[in-house]
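File shown: upload_36.cif. Contents: mmCIF, C-alpha atoms and all ligand atoms.
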data_query
loop_
_atom_site.group_PDB
_atom_site.id
_atom_site.type_symbol
_atom_site.label_atom_id
_atom_site.label_comp_id
_atom_site.auth_asym_id
_atom_site.auth_seq_id
_atom_site.Cartn_x
_atom_site.Cartn_y
_atom_site.Cartn_z
ATOM 1 C CA MET S 1 -21.435 36.306 -4.578
ATOM 2 C CA ASN S 2 -23.158 34.104 -1.990
ATOM 3 C CA LYS S 3 -21.936 34.425 1.542
ATOM 4 C CA HIS S 4 -21.265 31.205 3.452
ATOM 5 C CA PRO S 5 -23.412 30.492 6.482
ATOM 6 C CA THR S 6 -21.443 31.352 9.600
ATOM 7 C CA ARG S 7 -23.718 29.785 12.206
ATOM 8 C CA ILE S 8 -23.978 26.012 11.890
ATOM 9 C CA LEU S 9 -26.033 23.404 13.723
ATOM 10 C CA ILE S 10 -24.690 19.825 13.628
ATOM 11 C CA LEU S 11 -27.018 16.919 14.393
ATOM 12 C CA ALA S 12 -24.817 13.948 15.233
ATOM 13 C CA ASP S 13 -25.839 10.298 15.391
ATOM 14 C CA LEU S 14 -23.747 7.213 16.077
ATOM 15 C CA GLU S 15 -24.776 4.453 13.650
ATOM 16 C CA GLY S 16 -23.180 6.142 10.638
ATOM 17 C CA SER S 17 -20.073 7.296 12.510
ATOM 18 C CA SER S 18 -16.659 5.736 12.030
ATOM 19 C CA ALA S 19 -16.377 3.339 14.998
ATOM 20 C CA CYS S 20 -19.858 1.828 15.170
ATOM 21 C CA TRP S 21 -19.756 -1.533 13.418
ATOM 22 C CA SER S 22 -22.568 -3.535 15.030
ATOM 23 C CA TYR S 23 -25.879 -3.297 16.856
ATOM 24 C CA VAL S 24 -24.037 -3.948 20.136
ATOM 25 C CA ALA S 25 -21.890 -0.865 19.450
ATOM 26 C CA SER S 26 -25.058 1.243 19.204
ATOM 27 C CA SER S 27 -26.384 -0.184 22.500
ATOM 28 C CA PHE S 28 -26.088 1.628 25.838
ATOM 29 C CA LEU S 29 -23.344 0.553 28.277
ATOM 30 C CA THR S 30 -21.368 -1.898 26.167
ATOM 31 C CA ASP S 31 -17.586 -1.769 25.614
ATOM 32 C CA GLU S 32 -18.223 -1.511 21.862
ATOM 33 C CA TRP S 33 -20.506 1.469 22.479
ATOM 34 C CA ALA S 34 -17.815 3.208 24.543
ATOM 35 C CA ARG S 35 -15.394 2.779 21.608
ATOM 36 C CA ALA S 36 -18.055 3.990 19.169
ATOM 37 C CA CYS S 37 -18.542 7.141 21.302
ATOM 38 C CA LEU S 38 -14.827 7.813 20.979
ATOM 39 C CA GLY S 39 -14.965 7.447 17.178
ATOM 40 C CA MET S 40 -18.079 9.629 16.951
ATOM 41 C CA SER S 41 -16.390 12.317 19.088
ATOM 42 C CA GLN S 42 -13.323 12.246 16.814
ATOM 43 C CA ASP S 43 -15.491 12.498 13.673
ATOM 44 C CA VAL S 44 -17.445 15.455 15.059
ATOM 45 C CA SER S 45 -14.224 17.041 16.308
ATOM 46 C CA SER S 46 -12.547 16.947 12.894
ATOM 47 C CA VAL S 47 -15.599 18.473 11.199
ATOM 48 C CA VAL S 48 -15.896 21.177 13.877
ATOM 49 C CA SER S 49 -12.199 22.120 13.690
ATOM 50 C CA ALA S 50 -12.300 22.277 9.884
ATOM 51 C CA LEU S 51 -15.436 24.454 9.930
ATOM 52 C CA PHE S 52 -13.884 26.898 12.412
ATOM 53 C CA ASP S 53 -10.721 27.011 10.256
ATOM 54 C CA ALA S 54 -12.940 27.817 7.267
ATOM 55 C CA GLY S 55 -14.344 30.872 9.031
ATOM 56 C CA VAL S 56 -17.537 29.550 10.631
ATOM 57 C CA ALA S 57 -18.268 31.717 13.664
ATOM 58 C CA SER S 58 -20.532 29.553 15.783
ATOM 59 C CA ILE S 59 -21.267 25.822 15.940
ATOM 60 C CA THR S 60 -23.888 24.037 18.022
ATOM 61 C CA ILE S 61 -23.731 20.238 18.153
ATOM 62 C CA LYS S 62 -26.849 18.285 19.075
ATOM 63 C CA ASP S 63 -26.087 14.694 20.058
ATOM 64 C CA PHE S 64 -29.009 12.663 18.699
ATOM 65 C CA HIS S 65 -28.172 9.041 19.558
ATOM 66 C CA ARG S 66 -30.278 7.222 22.174
ATOM 67 C CA THR S 67 -29.714 9.063 25.475
ATOM 68 C CA GLY S 68 -28.174 12.027 23.649
ATOM 69 C CA TYR S 69 -24.966 11.607 25.667
ATOM 70 C CA ASN S 70 -22.349 10.001 23.416
ATOM 71 C CA LEU S 71 -19.790 12.754 22.913
ATOM 72 C CA PHE S 72 -16.620 13.401 24.914
ATOM 73 C CA ALA S 73 -16.702 17.203 25.091
ATOM 74 C CA ASP S 74 -12.989 17.558 25.888
ATOM 75 C CA LEU S 75 -12.093 16.076 22.474
ATOM 76 C CA ILE S 76 -14.019 18.809 20.637
ATOM 77 C CA ASP S 77 -12.985 22.466 20.109
ATOM 78 C CA ALA S 78 -14.240 24.321 23.195
ATOM 79 C CA ARG S 79 -15.701 27.116 21.047
ATOM 80 C CA ALA S 80 -18.453 24.715 19.918
ATOM 81 C CA ARG S 81 -21.548 24.367 22.084
ATOM 82 C CA ILE S 82 -22.588 20.763 22.708
ATOM 83 C CA VAL S 83 -26.239 20.083 23.514
ATOM 84 C CA SER S 84 -26.475 16.671 25.158
ATOM 85 C CA GLY S 85 -29.696 14.909 26.183
ATOM 86 C CA TYR S 86 -33.108 16.037 24.988
ATOM 87 C CA ARG S 87 -35.167 19.219 25.202
ATOM 88 C CA GLN S 88 -38.936 19.431 25.057
ATOM 89 C CA GLY S 89 -39.123 22.125 22.402
ATOM 90 C CA PRO S 90 -39.704 24.268 20.480
ATOM 91 C CA VAL S 91 -37.838 21.874 18.191
ATOM 92 C CA PRO S 92 -38.379 18.364 19.625
ATOM 93 C CA GLY S 93 -35.153 17.071 21.146
ATOM 94 C CA VAL S 94 -33.096 20.059 20.039
ATOM 95 C CA GLY S 95 -34.728 22.817 22.076
ATOM 96 C CA ASN S 96 -34.192 26.264 20.625
ATOM 97 C CA PRO S 97 -32.085 26.135 17.442
ATOM 98 C CA ALA S 98 -31.231 29.746 18.262
ATOM 99 C CA ASN S 99 -29.494 31.470 15.443
ATOM 100 C CA ALA S 100 -28.361 28.588 13.207
ATOM 101 C CA GLN S 101 -28.489 29.271 9.473
ATOM 102 C CA ALA S 102 -27.710 25.794 8.184
ATOM 103 C CA VAL S 103 -27.718 22.235 9.502
ATOM 104 C CA MET S 104 -25.291 19.361 8.883
ATOM 105 C CA PHE S 105 -26.212 15.754 9.682
ATOM 106 C CA LEU S 106 -23.372 13.447 10.756
ATOM 107 C CA GLY S 107 -23.366 9.708 11.528
ATOM 108 C CA MET S 108 -26.865 9.148 10.220
ATOM 109 C CA HIS S 109 -28.543 5.860 9.220
ATOM 110 C CA ALA S 110 -31.122 4.695 6.701
ATOM 111 C CA ALA S 111 -34.885 4.230 7.226
ATOM 112 C CA SER S 112 -36.693 1.290 8.824
ATOM 113 C CA GLY S 113 -37.620 -1.243 6.155
ATOM 114 C CA SER S 114 -34.502 -0.641 4.039
ATOM 115 C CA ASP S 115 -31.223 -2.552 3.901
ATOM 116 C CA GLY S 116 -28.926 0.224 5.104
ATOM 117 C CA PHE S 117 -26.471 -0.246 7.990
ATOM 118 C CA LEU S 118 -28.478 -0.576 11.257
ATOM 119 C CA ALA S 119 -31.432 0.945 9.417
ATOM 120 C CA HIS S 120 -34.247 2.225 11.614
ATOM 121 C CA THR S 121 -36.611 5.179 11.920
ATOM 122 C CA LEU S 122 -36.672 6.663 15.453
ATOM 123 C CA THR S 123 -36.661 3.230 17.116
ATOM 124 C CA SER S 124 -35.769 -0.298 16.047
ATOM 125 C CA ARG S 125 -39.259 -1.305 17.251
ATOM 126 C CA ILE S 126 -40.586 0.106 13.970
ATOM 127 C CA ALA S 127 -40.178 -2.426 11.160
ATOM 128 C CA ARG S 128 -41.439 -0.145 8.422
ATOM 129 C CA LEU S 129 -42.674 3.439 8.267
ATOM 130 C CA THR S 130 -44.016 4.946 5.062
ATOM 131 C CA VAL S 131 -45.320 8.383 4.093
ATOM 132 C CA ASN S 132 -47.431 8.290 0.935
ATOM 133 C CA ALA S 133 -46.086 4.763 0.296
ATOM 134 C CA ARG S 134 -42.415 5.856 0.471
ATOM 135 C CA LEU S 135 -40.019 4.862 3.300
ATOM 136 C CA LEU S 136 -39.463 7.743 5.718
ATOM 137 C CA ALA S 137 -35.920 8.513 6.914
ATOM 138 C CA GLU S 138 -35.305 10.400 10.169
ATOM 139 C CA VAL S 139 -33.426 13.162 8.384
ATOM 140 C CA GLU S 140 -36.730 14.309 6.872
ATOM 141 C CA LEU S 141 -38.312 14.706 10.309
ATOM 142 C CA PHE S 142 -35.297 16.538 11.725
ATOM 143 C CA ALA S 143 -34.849 18.805 8.695
ATOM 144 C CA ALA S 144 -38.589 19.616 8.629
ATOM 145 C CA SER S 145 -38.624 20.459 12.346
ATOM 146 C CA LEU S 146 -35.898 23.069 11.680
ATOM 147 C CA ALA S 147 -37.506 24.540 8.551
ATOM 148 C CA PRO S 148 -39.757 27.033 10.407
ATOM 149 C CA TRP S 149 -36.529 28.684 11.624
ATOM 150 C CA GLY S 150 -35.317 29.004 8.042
ATOM 151 C CA ILE S 151 -32.482 26.547 8.720
ATOM 152 C CA ARG S 152 -31.196 24.969 5.491
ATOM 153 C CA PRO S 153 -30.026 21.321 5.369
ATOM 154 C CA ILE S 154 -26.700 21.501 3.503
ATOM 155 C CA PHE S 155 -24.703 18.371 4.407
ATOM 156 C CA PHE S 156 -25.366 14.733 5.293
ATOM 157 C CA SER S 157 -23.169 11.747 6.119
ATOM 158 C CA GLY S 158 -24.252 8.141 6.654
ATOM 159 C CA CYS S 159 -24.168 4.755 4.916
ATOM 160 C CA PRO S 160 -24.690 4.784 1.120
ATOM 161 C CA VAL S 161 -28.362 3.760 1.479
ATOM 162 C CA ALA S 162 -28.932 6.575 3.985
ATOM 163 C CA CYS S 163 -27.295 9.072 1.582
ATOM 164 C CA GLU S 164 -29.447 7.829 -1.285
ATOM 165 C CA GLN S 165 -32.647 8.176 0.769
ATOM 166 C CA ALA S 166 -31.721 11.655 1.990
ATOM 167 C CA THR S 167 -30.848 13.050 -1.453
ATOM 168 C CA ALA S 168 -33.982 11.494 -2.986
ATOM 169 C CA VAL S 169 -36.171 13.809 -0.906
ATOM 170 C CA ILE S 170 -34.030 16.779 0.168
ATOM 171 C CA GLU S 171 -32.936 18.639 -2.922
ATOM 172 C CA HIS S 172 -29.348 19.847 -3.287
ATOM 173 C CA LEU S 173 -28.151 18.140 -0.091
ATOM 174 C CA ASP S 174 -24.382 17.479 -0.180
ATOM 175 C CA CYS S 175 -23.547 13.916 0.903
ATOM 176 C CA PHE S 176 -20.495 12.069 2.141
ATOM 177 C CA PRO S 177 -20.986 8.287 2.569
ATOM 178 C CA ILE S 178 -19.380 5.796 4.933
ATOM 179 C CA ASP S 179 -19.133 2.346 3.394
ATOM 180 C CA LYS S 180 -19.078 -0.358 6.095
ATOM 181 C CA SER S 181 -19.538 -3.318 3.769
ATOM 182 C CA SER S 182 -15.988 -4.645 4.126
ATOM 183 C CA GLY S 183 -15.697 -4.371 7.922
ATOM 184 C CA PRO S 184 -13.573 -2.344 10.341
ATOM 185 C CA GLN S 185 -10.271 -4.147 9.620
ATOM 186 C CA SER S 186 -9.791 -2.570 6.204
ATOM 187 C CA PHE S 187 -11.326 0.804 7.153
ATOM 188 C CA ASP S 188 -8.967 3.757 7.525
ATOM 189 C CA ALA S 189 -10.881 5.878 10.044
ATOM 190 C CA SER S 190 -8.488 8.793 10.130
ATOM 191 C CA ALA S 191 -8.353 9.156 6.320
ATOM 192 C CA TRP S 192 -12.154 8.897 6.145
ATOM 193 C CA ARG S 193 -12.524 11.497 8.893
ATOM 194 C CA SER S 194 -10.279 14.021 7.112
ATOM 195 C CA ALA S 195 -12.233 13.549 3.888
ATOM 196 C CA LEU S 196 -15.508 13.965 5.840
ATOM 197 C CA ALA S 197 -14.268 17.263 7.291
ATOM 198 C CA GLN S 198 -13.206 18.514 3.841
ATOM 199 C CA ALA S 199 -16.591 17.591 2.386
ATOM 200 C CA ALA S 200 -18.345 19.443 5.228
ATOM 201 C CA VAL S 201 -16.283 22.570 4.531
ATOM 202 C CA LYS S 202 -17.102 22.303 0.829
ATOM 203 C CA ALA S 203 -20.810 22.135 1.716
ATOM 204 C CA LEU S 204 -20.581 25.649 3.191
ATOM 205 C CA SER S 205 -20.755 26.823 -0.436
ATOM 206 C CA ASN S 206 -24.000 24.897 -0.937
ATOM 207 C CA SER S 207 -26.270 27.835 -1.641
ATOM 208 C CA ASN S 208 -28.935 25.819 -3.467
ATOM 209 C CA ALA S 209 -30.309 23.865 -0.498
ATOM 210 C CA LYS S 210 -33.554 25.302 0.876
ATOM 211 C CA PRO S 211 -35.335 24.658 4.197
ATOM 212 C CA TYR S 212 -37.115 21.293 3.899
ATOM 213 C CA GLN S 213 -40.857 21.746 4.216
ATOM 214 C CA PRO S 214 -42.737 19.136 2.188
ATOM 215 C CA VAL S 215 -46.441 19.761 1.723
ATOM 216 C CA GLY S 216 -49.196 17.316 2.686
ATOM 217 C CA PRO S 217 -51.491 15.560 2.764
ATOM 218 C CA MET S 218 -49.363 12.766 4.216
ATOM 219 C CA GLU S 219 -50.755 9.274 4.620
ATOM 220 C CA VAL S 220 -48.563 7.457 7.090
ATOM 221 C CA SER S 221 -48.379 3.739 7.806
ATOM 222 C CA VAL S 222 -46.399 2.313 10.726
ATOM 223 C CA THR S 223 -45.618 -1.395 11.049
ATOM 224 C CA LEU S 224 -44.199 -2.583 14.352
ATOM 225 C CA ARG S 225 -41.607 -5.314 14.672
ATOM 226 C CA GLU S 226 -43.549 -6.840 17.564
ATOM 227 C CA GLY S 227 -46.582 -7.332 15.299
ATOM 228 C CA LYS S 228 -50.287 -6.772 15.531
ATOM 229 C CA ALA S 229 -50.782 -6.980 19.319
ATOM 230 C CA ALA S 230 -48.293 -4.150 19.862
ATOM 231 C CA ALA S 231 -49.929 -2.089 17.110
ATOM 232 C CA VAL S 232 -53.369 -2.555 18.700
ATOM 233 C CA ARG S 233 -51.988 -1.524 22.094
ATOM 234 C CA LEU S 234 -50.270 1.627 20.796
ATOM 235 C CA ALA S 235 -53.119 2.691 18.506
ATOM 236 C CA HIS S 236 -55.504 2.353 21.425
ATOM 237 C CA ARG S 237 -53.185 4.252 23.758
ATOM 238 C CA TRP S 238 -53.096 7.323 21.492
ATOM 239 C CA ASN S 239 -56.419 6.929 19.719
ATOM 240 C CA PHE S 240 -54.691 6.371 16.366
ATOM 241 C CA GLU S 241 -56.365 4.569 13.483
ATOM 242 C CA LEU S 242 -55.580 0.911 12.960
ATOM 243 C CA ALA S 243 -55.648 -0.886 9.587
ATOM 244 C CA GLY S 244 -54.929 -4.568 10.031
ATOM 245 C CA GLU S 245 -51.540 -4.701 11.722
ATOM 246 C CA HIS S 246 -50.600 -1.157 10.647
ATOM 247 C CA ILE S 247 -51.073 2.100 12.507
ATOM 248 C CA ARG S 248 -52.374 4.852 10.204
ATOM 249 C CA LEU S 249 -51.650 8.523 10.723
ATOM 250 C CA LYS S 250 -52.549 11.576 8.698
ATOM 251 C CA ALA S 251 -50.664 14.866 8.679
ATOM 252 C CA ASP S 252 -50.462 18.043 6.631
ATOM 253 C CA GLN S 253 -46.979 18.998 7.787
ATOM 254 C CA MET S 254 -43.964 16.879 8.509
ATOM 255 C CA ASP S 255 -43.125 18.622 11.782
ATOM 256 C CA GLN S 256 -46.662 17.804 12.932
ATOM 257 C CA LEU S 257 -46.121 14.160 11.949
ATOM 258 C CA TYR S 258 -42.841 14.164 13.897
ATOM 259 C CA LYS S 259 -44.731 15.091 17.084
ATOM 260 C CA SER S 260 -47.202 12.202 16.619
ATOM 261 C CA LEU S 261 -44.337 9.783 16.006
ATOM 262 C CA ILE S 262 -42.542 10.938 19.159
ATOM 263 C CA LYS S 263 -45.653 10.048 21.149
ATOM 264 C CA LEU S 264 -45.917 6.684 19.450
ATOM 265 C CA CYS S 265 -42.252 5.776 19.901
ATOM 266 C CA TYR S 266 -41.196 7.286 23.188
ATOM 267 C CA LEU S 267 -44.114 8.364 25.363
ATOM 268 C CA THR S 268 -47.124 7.194 27.330
ATOM 269 C CA PRO S 269 -49.943 9.581 28.349
ATOM 270 C CA LEU S 270 -48.379 9.550 31.829
ATOM 271 C CA THR S 271 -44.844 10.482 30.706
ATOM 272 C CA GLU S 272 -46.336 13.034 28.281
ATOM 273 C CA ASN S 273 -48.018 14.743 31.234
ATOM 274 C CA MET S 274 -44.828 14.865 33.238
ATOM 275 C CA LEU S 275 -42.454 15.367 30.335
ATOM 276 C CA PRO S 276 -40.011 17.758 32.061
ATOM 277 C CA LEU S 277 -39.501 15.187 34.813
ATOM 278 C CA ALA S 278 -39.237 12.259 32.356
ATOM 279 C CA LEU S 279 -36.649 14.181 30.324
ATOM 280 C CA MET S 280 -34.690 15.002 33.456
ATOM 281 C CA ALA S 281 -34.575 11.315 34.429
ATOM 282 C CA SER S 282 -33.569 10.296 30.915
ATOM 283 C CA ASN S 283 -30.849 12.962 30.779
ATOM 284 C CA LEU S 284 -29.480 11.821 34.147
ATOM 285 C CA ARG S 285 -29.256 8.285 32.823
ATOM 286 C CA GLY S 286 -27.389 9.608 29.781
ATOM 287 C CA ARG S 287 -24.938 11.550 31.945
ATOM 288 C CA PHE S 288 -24.227 8.481 33.986
ATOM 289 C CA GLY S 289 -23.705 6.480 30.770
ATOM 290 C CA ILE S 290 -21.093 8.749 29.231
ATOM 291 C CA MET S 291 -19.213 8.871 32.544
ATOM 292 C CA TRP S 292 -19.229 5.078 32.550
ATOM 293 C CA ALA S 293 -17.963 5.037 28.925
ATOM 294 C CA ARG S 294 -15.059 7.339 29.782
ATOM 295 C CA ARG S 295 -14.041 5.199 32.764
ATOM 296 C CA ARG S 296 -14.303 2.031 30.655
ATOM 297 C CA LEU S 297 -12.137 3.482 27.853
ATOM 298 C CA ARG S 298 -9.491 4.415 30.428
ATOM 299 C CA GLN S 299 -9.520 0.864 31.776
ATOM 300 C CA LEU S 300 -9.164 -0.443 28.203
ATOM 301 C CA GLY S 301 -6.270 1.957 27.585
ATOM 302 C CA CYS S 302 -8.150 3.827 24.788
ATOM 303 C CA LEU S 303 -8.333 7.175 26.629
ATOM 304 C CA SER S 304 -5.864 8.903 28.902
HETATM 305 ZN ZN ZN S 401 -28.560 6.570 16.706
#
Please lay out the structure from this file as structure tokens.
Ligand SMILES: [Zn+2]
Amino acid sequence: MNKHPTRILILADLEGSSACWSYVASSFLTDEWARACLGMSQDVSSVVSALFDAGVASITIKDFHRTGYNLFADLIDARARIVSGYRQGPVPGVGNPANAQAVMFLGMHAASGSDGFLAHTLTSRIARLTVNARLLAEVELFAASLAPWGIRPIFFSGCPVACEQATAVIEHLDCFPIDKSSGPQSFDASAWRSALAQAAVKALSNSNAKPYQPVGPMEVSVTLREGKAAAVRLAHRWNFELAGEHIRLKADQMDQLYKSLIKLCYLTPLTENMLPLALMASNLRGRFGIMWARRRLRQLGCLS
């Protein structure tokens, strides 16, 4: 008989969570975002509680939306460890995945260039990102960055397009979709949340999923929303190859590709050189943001 994993890592995003219904709700320091943080915290909380009830011994939650500070810790079982903000490595953003055996992805979204809900890959500045002519979803980068630790991707939740993209590349991944096509009025968040938690518990029995480590060579093409001038600027900045208006990258491993994309999307040579300081500033901004969101929700009567 297969034993369930008892040490779980959760990567949580906002776009595919239950109270994010627009781009404004995914944007820093808006009332809609504050409400979306509350919904995301409740989603994560119900999954975490159900996993502990099912016998999971340790849970680490990595908040992966924008600043990395979108969760209200007091709404989540105190036995879980929440990692807010970003760490330099060894796993980009996550830091040390420590002793996790399996990873669950919550609140995810589809890839840039597809018609999923708030679809983007790493940043909305990327209009389209392909690897060997196929759209690349973030889940592949995250799952691949955890593979060297033997961490298996077992569960994924996001819009139906995001689920389709994830299962097309990561074999045996259990999925639970969130359908936002008919709007928030007819959406029963608490029923959806309970079903999400049940599906996550069921995924503990997913013994078929293996660490995701696709093999290269990978031919990557990045198209920026801002067009050719931006592509020329970024390609020049990092000495990347340019083909027309597309930036071309080559990689043998997906975790290697992830590192190049982080440079392209988030860094300049200056911030790369002083990364610990840049991360500290970004994490401070995130801390301030979630404090603002809590105060705003109190004013709106949504939090006590
Ligand atoms: Zn996000």
Contacts to ligand ZN 401 (chain S) at 10 Å cut-off (all atoms listed in the file) as a ChimeraX atom specification:
/S:12-17,26-27,63-68,70,107-109,118-124
Nearest to Ala73 (chain S) among S:Ala102, S:Val44, S:Ile247, S:Pro217, with distances taken over all atoms listed in the file: which residue is it?
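Using all atoms listed in the file, the shortest distance to Ala73 (chain S) belongs to S:Val44.
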Pro90 (chain S) surroundings by all atoms listed in the file, 12 Å radius, close-in-sequence under 2 positions cut, as a list in words:
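With the cut-off at 12 Å, the set is Tyr86, Arg87, Gln88, Pro92, Gly93, Val94, Gly95, Asn96, Pro97, Ala98, Ser145, Leu146, Pro148, Trp149, Asp255 and Lys259 of chain S.
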As an exercise, work out the distance from CA of Trp238 (chain S) to CA of Leu284 (chain S) in Å and give it to one decimal place.
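Going from CA of Trp238 (chain S) over to CA of Leu284 (chain S) covers 27.2 Å.
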Pick the closest to Glu245 (chain S) from S:Tyr266, S:Ile170, S:Ser221, S:Pro160: which is it, counting only C-alpha atoms?
S:Ser221
Please determine the residues with any atom at most 12 Å from (-41.9, 13.7, 3.4) (coordinates as given in the file, with only C-alpha atoms counting) and report them as JSON, numbers by chain.
{"S": [129, 130, 131, 132, 133, 134, 135, 136, 137, 138, 139, 140, 141, 142, 143, 144, 145, 165, 166, 168, 169, 170, 212, 213, 214, 215, 216, 217, 218, 219, 220, 251, 252, 253, 254, 255, 256, 257, 258]}
Using all atoms listed in the file, give me every residue within 7 Å of (-26.7, 12.8, 7.3) in file coordinates, as a ChimeraX atom specification.
/S:104-108,139,155-158,163
Writing out the chosen residues with C-alpha atoms as an mmCIF file, in the coordinates of the input:
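What follows is the written file part22.cif:
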data_model
loop_
_atom_site.group_PDB
_atom_site.id
_atom_site.type_symbol
_atom_site.label_atom_id
_atom_site.label_comp_id
_atom_site.auth_asym_id
_atom_site.auth_seq_id
_atom_site.Cartn_x
_atom_site.Cartn_y
_atom_site.Cartn_z
ATOM 1 C CA MET S 104 -25.291 19.361 8.883
ATOM 2 C CA PHE S 105 -26.212 15.754 9.682
ATOM 3 C CA LEU S 106 -23.372 13.447 10.756
ATOM 4 C CA GLY S 107 -23.366 9.708 11.528
ATOM 5 C CA MET S 108 -26.865 9.148 10.220
ATOM 6 C CA VAL S 139 -33.426 13.162 8.384
ATOM 7 C CA PHE S 155 -24.703 18.371 4.407
ATOM 8 C CA PHE S 156 -25.366 14.733 5.293
ATOM 9 C CA SER S 157 -23.169 11.747 6.119
ATOM 10 C CA GLY S 158 -24.252 8.141 6.654
ATOM 11 C CA CYS S 163 -27.295 9.072 1.582
#
Please list as a ChimeraX atom specification every residue within 9 Å of Ser194 (chain S), counting all atoms listed in the file and excluding residues in the same chain fewer than 5 positions away.
/S:43,46-47,50,189,199
Once the PyMOL selection byres (((chain S and resi 232) around 12) and not hetatm) is applied to the coordinates I shared, what remains selected? I want it as a list of chain:residue names.
S:Val222, S:Thr223, S:Leu224, S:Glu226, S:Gly227, S:Lys228, S:Ala229, S:Ala230, S:Ala231, S:Arg233, S:Leu234, S:Ala235, S:His236, S:Arg237, S:Trp238, S:Asn239, S:Phe240, S:Glu241, S:Leu242, S:Ala243, S:Gly244, S:Glu245, S:His246, S:Ile247, S:Arg248, S:Leu264
Write out the residues from the selection above, keeping C-alpha atoms, as a PDB file, in the frame of the given file.
ATOM      1  CA  VAL S 222     -46.399   2.313  10.726  1.00  0.00           C
ATOM      2  CA  THR S 223     -45.618  -1.395  11.049  1.00  0.00           C
ATOM      3  CA  LEU S 224     -44.199  -2.583  14.352  1.00  0.00           C
ATOM      4  CA  GLU S 226     -43.549  -6.840  17.564  1.00  0.00           C
ATOM      5  CA  GLY S 227     -46.582  -7.332  15.299  1.00  0.00           C
ATOM      6  CA  LYS S 228     -50.287  -6.772  15.531  1.00  0.00           C
ATOM      7  CA  ALA S 229     -50.782  -6.980  19.319  1.00  0.00           C
ATOM      8  CA  ALA S 230     -48.293  -4.150  19.862  1.00  0.00           C
ATOM      9  CA  ALA S 231     -49.929  -2.089  17.110  1.00  0.00           C
ATOM     10  CA  ARG S 233     -51.988  -1.524  22.094  1.00  0.00           C
ATOM     11  CA  LEU S 234     -50.270   1.627  20.796  1.00  0.00           C
ATOM     12  CA  ALA S 235     -53.119   2.691  18.506  1.00  0.00           C
ATOM     13  CA  HIS S 236     -55.504   2.353  21.425  1.00  0.00           C
ATOM     14  CA  ARG S 237     -53.185   4.252  23.758  1.00  0.00           C
ATOM     15  CA  TRP S 238     -53.096   7.323  21.492  1.00  0.00           C
ATOM     16  CA  ASN S 239     -56.419   6.929  19.719  1.00  0.00           C
ATOM     17  CA  PHE S 240     -54.691   6.371  16.366  1.00  0.00           C
ATOM     18  CA  GLU S 241     -56.365   4.569  13.483  1.00  0.00           C
ATOM     19  CA  LEU S 242     -55.580   0.911  12.960  1.00  0.00           C
ATOM     20  CA  ALA S 243     -55.648  -0.886   9.587  1.00  0.00           C
ATOM     21  CA  GLY S 244     -54.929  -4.568  10.031  1.00  0.00           C
ATOM     22  CA  GLU S 245     -51.540  -4.701  11.722  1.00  0.00           C
ATOM     23  CA  HIS S 246     -50.600  -1.157  10.647  1.00  0.00           C
ATOM     24  CA  ILE S 247     -51.073   2.100  12.507  1.00  0.00           C
ATOM     25  CA  ARG S 248     -52.374   4.852  10.204  1.00  0.00           C
ATOM     26  CA  LEU S 264     -45.917   6.684  19.450  1.00  0.00           C
TER      27      LEU S 264
END
